[in-house]
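Pasting target27.txt here (compact mmCIF, C-alpha atoms):
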# COMPACT_ATOMS: atom_id res chain seq x y z
CA MET A 162 8.25 27.86 -25.54
CA THR A 163 7.28 27.06 -21.96
CA SER A 164 9.94 28.07 -19.45
CA ALA A 165 11.91 25.10 -18.18
CA SER A 166 11.77 23.81 -14.66
CA PRO A 167 15.32 23.74 -13.25
CA LYS A 168 14.57 20.30 -11.81
CA TYR A 169 13.31 18.63 -14.99
CA GLY A 170 14.59 20.84 -17.78
CA ARG A 171 16.11 18.13 -19.98
CA ILE A 172 13.52 15.61 -21.18
CA ALA A 173 13.96 12.30 -22.96
CA PHE A 174 10.81 11.12 -24.72
CA VAL A 175 10.04 7.44 -25.33
CA ALA A 176 6.90 6.23 -27.09
CA SER A 177 5.14 3.06 -28.08
CA PRO A 178 5.12 2.27 -31.82
CA ILE A 179 1.41 2.99 -32.29
CA PRO A 180 0.64 6.07 -34.46
CA GLU A 181 -1.11 7.95 -31.65
CA ALA A 182 1.96 7.75 -29.41
CA GLN A 183 4.42 8.51 -32.21
CA GLN A 184 2.46 11.58 -33.27
CA ALA A 185 2.37 12.83 -29.68
CA ARG A 186 6.13 12.31 -29.37
CA GLN A 187 6.79 14.34 -32.51
CA GLN A 188 4.67 17.23 -31.26
CA LEU A 189 6.28 17.20 -27.83
CA VAL A 190 9.81 17.02 -29.21
CA GLU A 191 9.12 20.01 -31.47
CA ARG A 192 7.97 22.05 -28.49
CA TYR A 193 10.26 20.90 -25.67
CA GLY A 194 13.26 19.38 -27.40
CA ASP A 195 14.64 15.90 -26.76
CA VAL A 196 17.84 14.65 -25.20
CA ALA A 197 19.41 11.22 -24.86
CA PRO A 198 18.15 9.32 -21.80
CA ASP A 199 21.64 9.27 -20.25
CA SER A 200 21.71 13.08 -20.05
CA ALA A 201 18.02 13.63 -19.25
CA ASP A 202 16.59 14.91 -15.99
CA VAL A 203 13.38 12.97 -16.57
CA ILE A 204 11.98 10.28 -18.89
CA VAL A 205 8.55 11.00 -20.38
CA ALA A 206 6.82 7.83 -21.62
CA LEU A 207 4.00 8.04 -24.17
CA GLY A 208 1.70 5.04 -24.54
CA GLY A 209 -0.22 2.70 -22.29
CA ASP A 210 0.61 0.62 -19.24
CA GLY A 211 2.57 -1.85 -21.37
CA LEU A 212 4.90 0.91 -22.52
CA MET A 213 5.22 2.19 -18.96
CA LEU A 214 6.15 -1.28 -17.73
CA GLN A 215 8.77 -1.54 -20.47
CA THR A 216 10.12 1.91 -19.56
CA LEU A 217 10.34 1.02 -15.88
CA HIS A 218 12.41 -2.04 -16.75
CA THR A 219 14.66 -0.16 -19.18
CA PHE A 220 15.51 2.65 -16.76
CA MET A 221 15.13 0.96 -13.37
CA LYS A 222 18.85 1.27 -12.59
CA SER A 223 19.32 4.75 -14.08
CA ASP A 224 17.91 6.80 -11.18
CA LYS A 225 15.81 8.72 -13.72
CA PRO A 226 12.28 9.74 -12.66
CA ILE A 227 9.59 8.58 -15.09
CA TYR A 228 6.47 10.52 -16.05
CA GLY A 229 3.91 8.80 -18.26
CA MET A 230 1.24 10.31 -20.50
CA HIS A 231 -1.59 8.19 -21.83
CA ARG A 232 -1.36 7.57 -25.55
CA GLY A 233 -2.29 3.88 -25.67
CA THR A 234 -4.94 1.47 -24.43
CA VAL A 235 -4.92 0.83 -20.67
CA GLY A 236 -3.48 3.84 -18.85
CA PHE A 237 -3.69 3.10 -15.15
CA LEU A 238 -0.05 4.05 -14.63
CA MET A 239 -0.21 7.11 -16.90
CA ASN A 240 -1.13 10.76 -16.52
CA GLU A 241 -3.54 12.40 -18.93
CA TYR A 242 -2.03 13.53 -22.20
CA GLN A 243 -1.64 17.26 -22.73
CA LEU A 244 0.68 19.10 -25.09
CA ASP A 245 0.84 22.34 -23.13
CA ASP A 246 2.57 23.19 -19.83
CA LEU A 247 4.69 20.05 -19.60
CA HIS A 248 7.47 21.70 -17.61
CA GLU A 249 4.96 23.07 -15.11
CA ARG A 250 3.31 19.69 -14.77
CA LEU A 251 6.66 18.02 -14.16
CA ALA A 252 7.60 20.61 -11.54
CA ALA A 253 4.30 20.07 -9.69
CA ALA A 254 4.28 16.28 -10.01
CA GLN A 255 4.18 14.08 -6.91
CA ILE A 256 6.75 11.32 -6.51
CA THR A 257 5.87 7.69 -5.84
CA VAL A 258 8.82 5.39 -5.13
CA ILE A 259 8.37 1.75 -6.09
CA HIS A 260 10.61 -1.30 -5.69
CA PRO A 261 10.45 -4.28 -8.06
CA LEU A 262 10.26 -7.93 -7.14
CA LEU A 263 13.29 -10.10 -7.82
CA MET A 264 12.48 -13.58 -9.15
CA ARG A 265 15.12 -16.32 -8.96
CA ALA A 266 14.07 -19.49 -10.77
CA VAL A 267 15.69 -22.93 -10.86
CA VAL A 268 14.91 -24.83 -14.07
CA ALA A 269 14.83 -28.50 -15.01
CA ASN A 270 18.48 -28.80 -16.05
CA GLY A 271 19.66 -27.17 -12.83
CA GLY A 272 20.20 -23.79 -14.45
CA LYS A 273 19.09 -20.53 -12.87
CA ALA A 274 17.42 -17.38 -14.17
CA GLU A 275 16.82 -13.99 -12.56
CA PHE A 276 14.33 -11.31 -13.60
CA HIS A 277 12.64 -8.30 -12.04
CA ALA A 278 8.92 -7.55 -11.96
CA PHE A 279 7.17 -4.28 -11.18
CA ASN A 280 3.68 -5.80 -11.44
CA GLU A 281 3.84 -9.46 -10.48
CA VAL A 282 5.63 -12.78 -10.63
CA SER A 283 3.31 -15.55 -11.83
CA LEU A 284 3.61 -19.33 -12.06
CA PHE A 285 1.43 -21.10 -14.63
CA ARG A 286 0.74 -24.68 -15.64
CA GLN A 287 2.31 -25.44 -19.03
CA THR A 288 -0.03 -28.26 -20.05
CA TYR A 289 -3.64 -29.31 -19.65
CA GLN A 290 -2.94 -30.66 -16.16
CA ALA A 291 -3.21 -28.43 -13.11
CA ALA A 292 -0.01 -27.44 -11.34
CA ARG A 293 0.86 -28.83 -7.91
CA LEU A 294 2.74 -26.27 -5.86
CA ARG A 295 4.16 -25.99 -2.37
CA ILE A 296 4.45 -22.51 -0.81
CA LEU A 297 6.98 -21.46 1.81
CA ILE A 298 7.18 -18.02 3.46
CA ASP A 299 10.49 -17.02 5.07
CA GLY A 300 11.58 -20.66 4.97
CA LYS A 301 8.46 -21.98 6.73
CA LYS A 302 6.02 -24.19 4.86
CA ARG A 303 2.63 -22.48 4.75
CA LEU A 304 0.79 -24.46 2.11
CA ASP A 305 1.79 -28.07 1.58
CA GLU A 306 -0.05 -28.39 -1.72
CA LEU A 307 -1.87 -25.96 -3.98
CA VAL A 308 -3.59 -27.54 -6.97
CA ALA A 309 -4.40 -24.75 -9.41
CA ASP A 310 -3.66 -23.19 -12.76
CA GLY A 311 -0.97 -21.30 -10.87
CA VAL A 312 -0.21 -18.61 -8.32
CA LEU A 313 1.06 -15.03 -8.45
CA LEU A 314 2.76 -12.54 -6.15
CA ALA A 315 1.83 -8.92 -6.87
CA THR A 316 3.25 -5.60 -5.76
CA PRO A 317 0.92 -2.74 -4.77
CA ALA A 318 1.49 -1.19 -8.22
CA GLY A 319 0.54 -4.51 -9.83
CA SER A 320 -2.35 -5.32 -7.53
CA THR A 321 -4.86 -3.73 -9.94
CA ALA A 322 -3.51 -5.67 -12.93
CA TYR A 323 -3.56 -9.47 -13.31
CA ASN A 324 -3.90 -9.86 -9.55
CA LEU A 325 -7.27 -8.09 -9.60
CA SER A 326 -8.47 -10.23 -12.51
CA ALA A 327 -7.58 -13.30 -10.43
CA GLN A 328 -9.78 -11.97 -7.59
CA GLY A 329 -6.81 -10.76 -5.56
CA PRO A 330 -6.98 -7.74 -3.23
CA ILE A 331 -6.20 -4.17 -4.24
CA ILE A 332 -3.29 -2.80 -2.19
CA PRO A 333 -2.67 0.93 -1.54
CA ILE A 334 0.56 1.92 -3.25
CA ASN A 335 2.35 2.94 -0.05
CA ALA A 336 1.32 -0.17 1.90
CA SER A 337 4.23 -2.43 2.80
CA LEU A 338 2.40 -5.47 1.48
CA MET A 339 2.34 -8.01 -1.33
CA ALA A 340 -0.60 -10.07 -2.57
CA LEU A 341 -0.17 -13.83 -2.92
CA THR A 342 -3.09 -14.92 -5.09
CA PRO A 343 -4.01 -18.34 -6.51
CA ILE A 344 -5.02 -18.65 -10.16
CA SER A 345 -8.13 -20.82 -10.61
CA PRO A 346 -7.50 -22.89 -7.46
CA PHE A 347 -8.94 -26.41 -7.13
CA ARG A 348 -7.47 -27.36 -3.75
CA PRO A 349 -7.60 -26.06 -1.07
CA ARG A 350 -11.04 -24.98 -2.26
CA ARG A 351 -11.46 -22.18 0.25
CA TRP A 352 -7.98 -20.69 0.00
CA ARG A 353 -8.16 -17.28 -1.68
CA GLY A 354 -4.61 -16.13 -1.08
CA ALA A 355 -2.77 -14.07 1.51
CA LEU A 356 -1.45 -10.58 2.17
CA LEU A 357 2.24 -10.68 3.03
CA PRO A 358 4.67 -8.06 4.34
CA ASP A 359 6.91 -6.80 1.58
CA THR A 360 9.89 -8.04 3.58
CA ALA A 361 8.74 -11.65 3.14
CA GLN A 362 10.75 -14.14 1.12
CA VAL A 363 8.43 -16.37 -0.87
CA ARG A 364 9.43 -19.74 -2.28
CA VAL A 365 7.21 -21.78 -4.58
CA GLU A 366 8.24 -25.37 -5.21
CA VAL A 367 6.83 -27.36 -8.12
CA LEU A 368 5.58 -30.84 -7.26
CA GLU A 369 5.60 -33.44 -10.04
CA PRO A 370 7.44 -31.06 -12.41
CA ASP A 371 7.91 -33.67 -15.13
CA LYS A 372 4.25 -34.69 -15.18
CA ARG A 373 2.89 -31.20 -14.46
CA PRO A 374 5.39 -28.67 -15.86
CA VAL A 375 5.19 -25.05 -14.75
CA ALA A 376 6.41 -21.75 -16.23
CA ALA A 377 7.31 -18.64 -14.25
CA VAL A 378 6.81 -15.12 -15.57
CA ALA A 379 8.23 -11.87 -14.14
CA ASP A 380 6.15 -9.19 -15.87
CA HIS A 381 7.04 -10.12 -19.48
CA ASP A 382 10.07 -12.39 -18.93
CA GLU A 383 9.19 -16.10 -19.00
CA VAL A 384 11.13 -19.13 -17.77
CA ARG A 385 9.74 -22.57 -18.59
CA ASP A 386 10.04 -25.90 -16.77
CA VAL A 387 10.87 -24.37 -13.42
CA ARG A 388 11.51 -26.52 -10.36
CA ALA A 389 11.40 -23.78 -7.72
CA VAL A 390 11.03 -20.00 -7.67
CA ASP A 391 12.21 -17.60 -4.96
CA ILE A 392 10.70 -14.11 -4.87
CA GLU A 393 11.50 -11.07 -2.74
CA THR A 394 11.39 -7.28 -2.93
CA ASP A 395 14.59 -5.83 -4.35
CA ARG A 396 15.20 -2.71 -2.26
CA SER A 397 18.46 -2.01 -4.04
CA ILE A 398 16.31 -0.58 -6.86
CA SER A 399 14.14 2.47 -6.14
CA THR A 400 12.25 3.85 -9.12
CA ARG A 401 10.57 7.25 -8.96
CA MET A 402 7.28 7.62 -10.82
CA LEU A 403 5.80 11.09 -11.27
CA PHE A 404 2.07 11.79 -11.13
CA ASP A 405 -0.02 14.92 -11.47
CA PRO A 406 -1.52 16.09 -8.15
CA GLY A 407 -4.83 14.31 -7.55
CA HIS A 408 -3.95 11.59 -10.06
CA ASN A 409 -1.23 9.69 -8.21
CA LEU A 410 -1.29 5.94 -7.69
CA ASP A 411 -2.77 6.27 -4.20
CA GLU A 412 -5.79 8.07 -5.64
CA ARG A 413 -6.11 5.72 -8.61
CA ILE A 414 -6.01 2.63 -6.41
CA LEU A 415 -8.58 4.12 -4.05
CA ARG A 416 -10.89 4.90 -6.97
CA GLU A 417 -10.47 1.37 -8.33
CA GLN A 418 -11.77 -0.07 -5.07
CA PHE A 419 -14.98 1.92 -5.50
CA GLY A 420 -15.41 0.92 -9.12
CA TYR A 421 -14.57 4.13 -10.98
Could you render the structure as structure tokens?
Amino acid sequence: MTSASPKYGRIAFVASPIPEAQQARQQLVERYGDVAPDSADVIVALGGDGLMLQTLHTFMKSDKPIYGMHRGTVGFLMNEYQLDDLHERLAAAQITVIHPLLMRAVVANGGKAEFHAFNEVSLFRQTYQAARLRILIDGKKRLDELVADGVLLATPAGSTAYNLSAQGPIIPINASLMALTPISPFRPRRWRGALLPDTAQVRVEVLEPDKRPVAAVADHDEVRDVRAVDIETDRSISTRMLFDPGHNLDERILREQFGY
């Protein structure tokens, strides 16, 4: 058995339900053992980016570093899978600290809902009619009316996900920025979004909510019939992601900007 790193000797393995990930988990557990997450030094996630996102949410308040290995579909947030030398890889891994967004939504009946997002918070039209949205930054109105399918606010880690598909900018992982990106905008026709400091407080108000209902989604948590959504970076949560040298998020985001 590979000698254990004193820093990450106790490993908790989590895996997506697909056979490829479950088989990898079985092989890794046989070689390195497996402990409960509460007593682990590190969480090793096996799957794709969806599993990593789920793992980040599950352990975001545990102060456990998370190391992903790609055993799924999309693996932007994952390291390459390898059975051998896991303790050595963990010991050599580089740390990237990320903070989630906190979404506070007010719904039609006056109720409130709160969720975190490591990728993005998105607002979408619920019906065939385009949404009408007003956008305020730090309490100041910046866009009186956006007519679009919706709008999203992405973190650097999420800037290569849905934000990129919506023609938003790619943000280096250590940049203190967020991307505010419209989704299929109709008016203003030339508005393509904005880069905001990650200290900004963003408020999106829904105009004509009864006629043009809107849903808000924080990663995978959805709230329907929202009236207003407030979004900010939650610095009370600091999650450590581990990446092999040369394969950290900085490098991956840089490569994405050059198309490889």
So how many Å separate atom CA of A:Pro349 and atom CA of A:Leu307, to one decimal?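 Computing the Euclidean distance for atom CA of A:Pro349 and atom CA of A:Leu307 yields 6.4 Å.
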Which distance in Å separates atom CA of A:Glu412 and atom CA of A:Glu241, to one decimal?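 These atoms are spaced 14.2 Å apart.
A straight line drawn from atom CA of A:Met213 to atom CA of A:Pro198 is 15.0 Å long.
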Selected residue, from A:Ile256, A:Val365, A:Val308, A:Leu244, that lies nearest to A:Arg293 when counting all atoms listed in the file: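 So, comparing all the options, the nearest one is A:Val308.
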Among the residues A:Thr342, A:Ala292, A:Ala361, A:Gly194, the one that comes closest to A:Glu306 [using only C-alpha atoms]: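 The shortest atom-to-atom distance to A:Glu306 comes from A:Ala292.
For A:Phe285, the set of protein, DNA and RNA residues having any atom at most 7 Å away, when counting all atoms listed in the file and skipping those fewer than 3 positions along the same chain, is Asp310, Gly311, Val312, Val375, Ala376 and Ala377 of chain A.
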Between A:Leu238, A:Leu325, A:Ala336, A:Ala278, which residue has the minimum interatomic distance to A:Ile392, considering all atoms listed in the file?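 The shortest atom-to-atom distance to A:Ile392 comes from A:Ala278.
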Using all atoms listed in the file, collect all residues at a distance of at most 9 Å from (10.1, -27.2, -8.1) as written in the file, then present them as a PyMOL selection string. chain A and resi 267-269+294-295+365-370+375+386-390
Which one is closest to A:Asp224: A:Pro178, A:Gly407, A:Thr400, A:Val258? Count all atoms listed in the file. A:Thr400
Please determine, counting all atoms listed in the file, which residue among A:Leu189, A:Leu314, A:Leu262, A:Ile298 has the shortest atom-to-atom distance to A:Arg396.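 Among A:Leu189, A:Leu314, A:Leu262, A:Ile298, it is A:Leu262 that comes nearest to A:Arg396.
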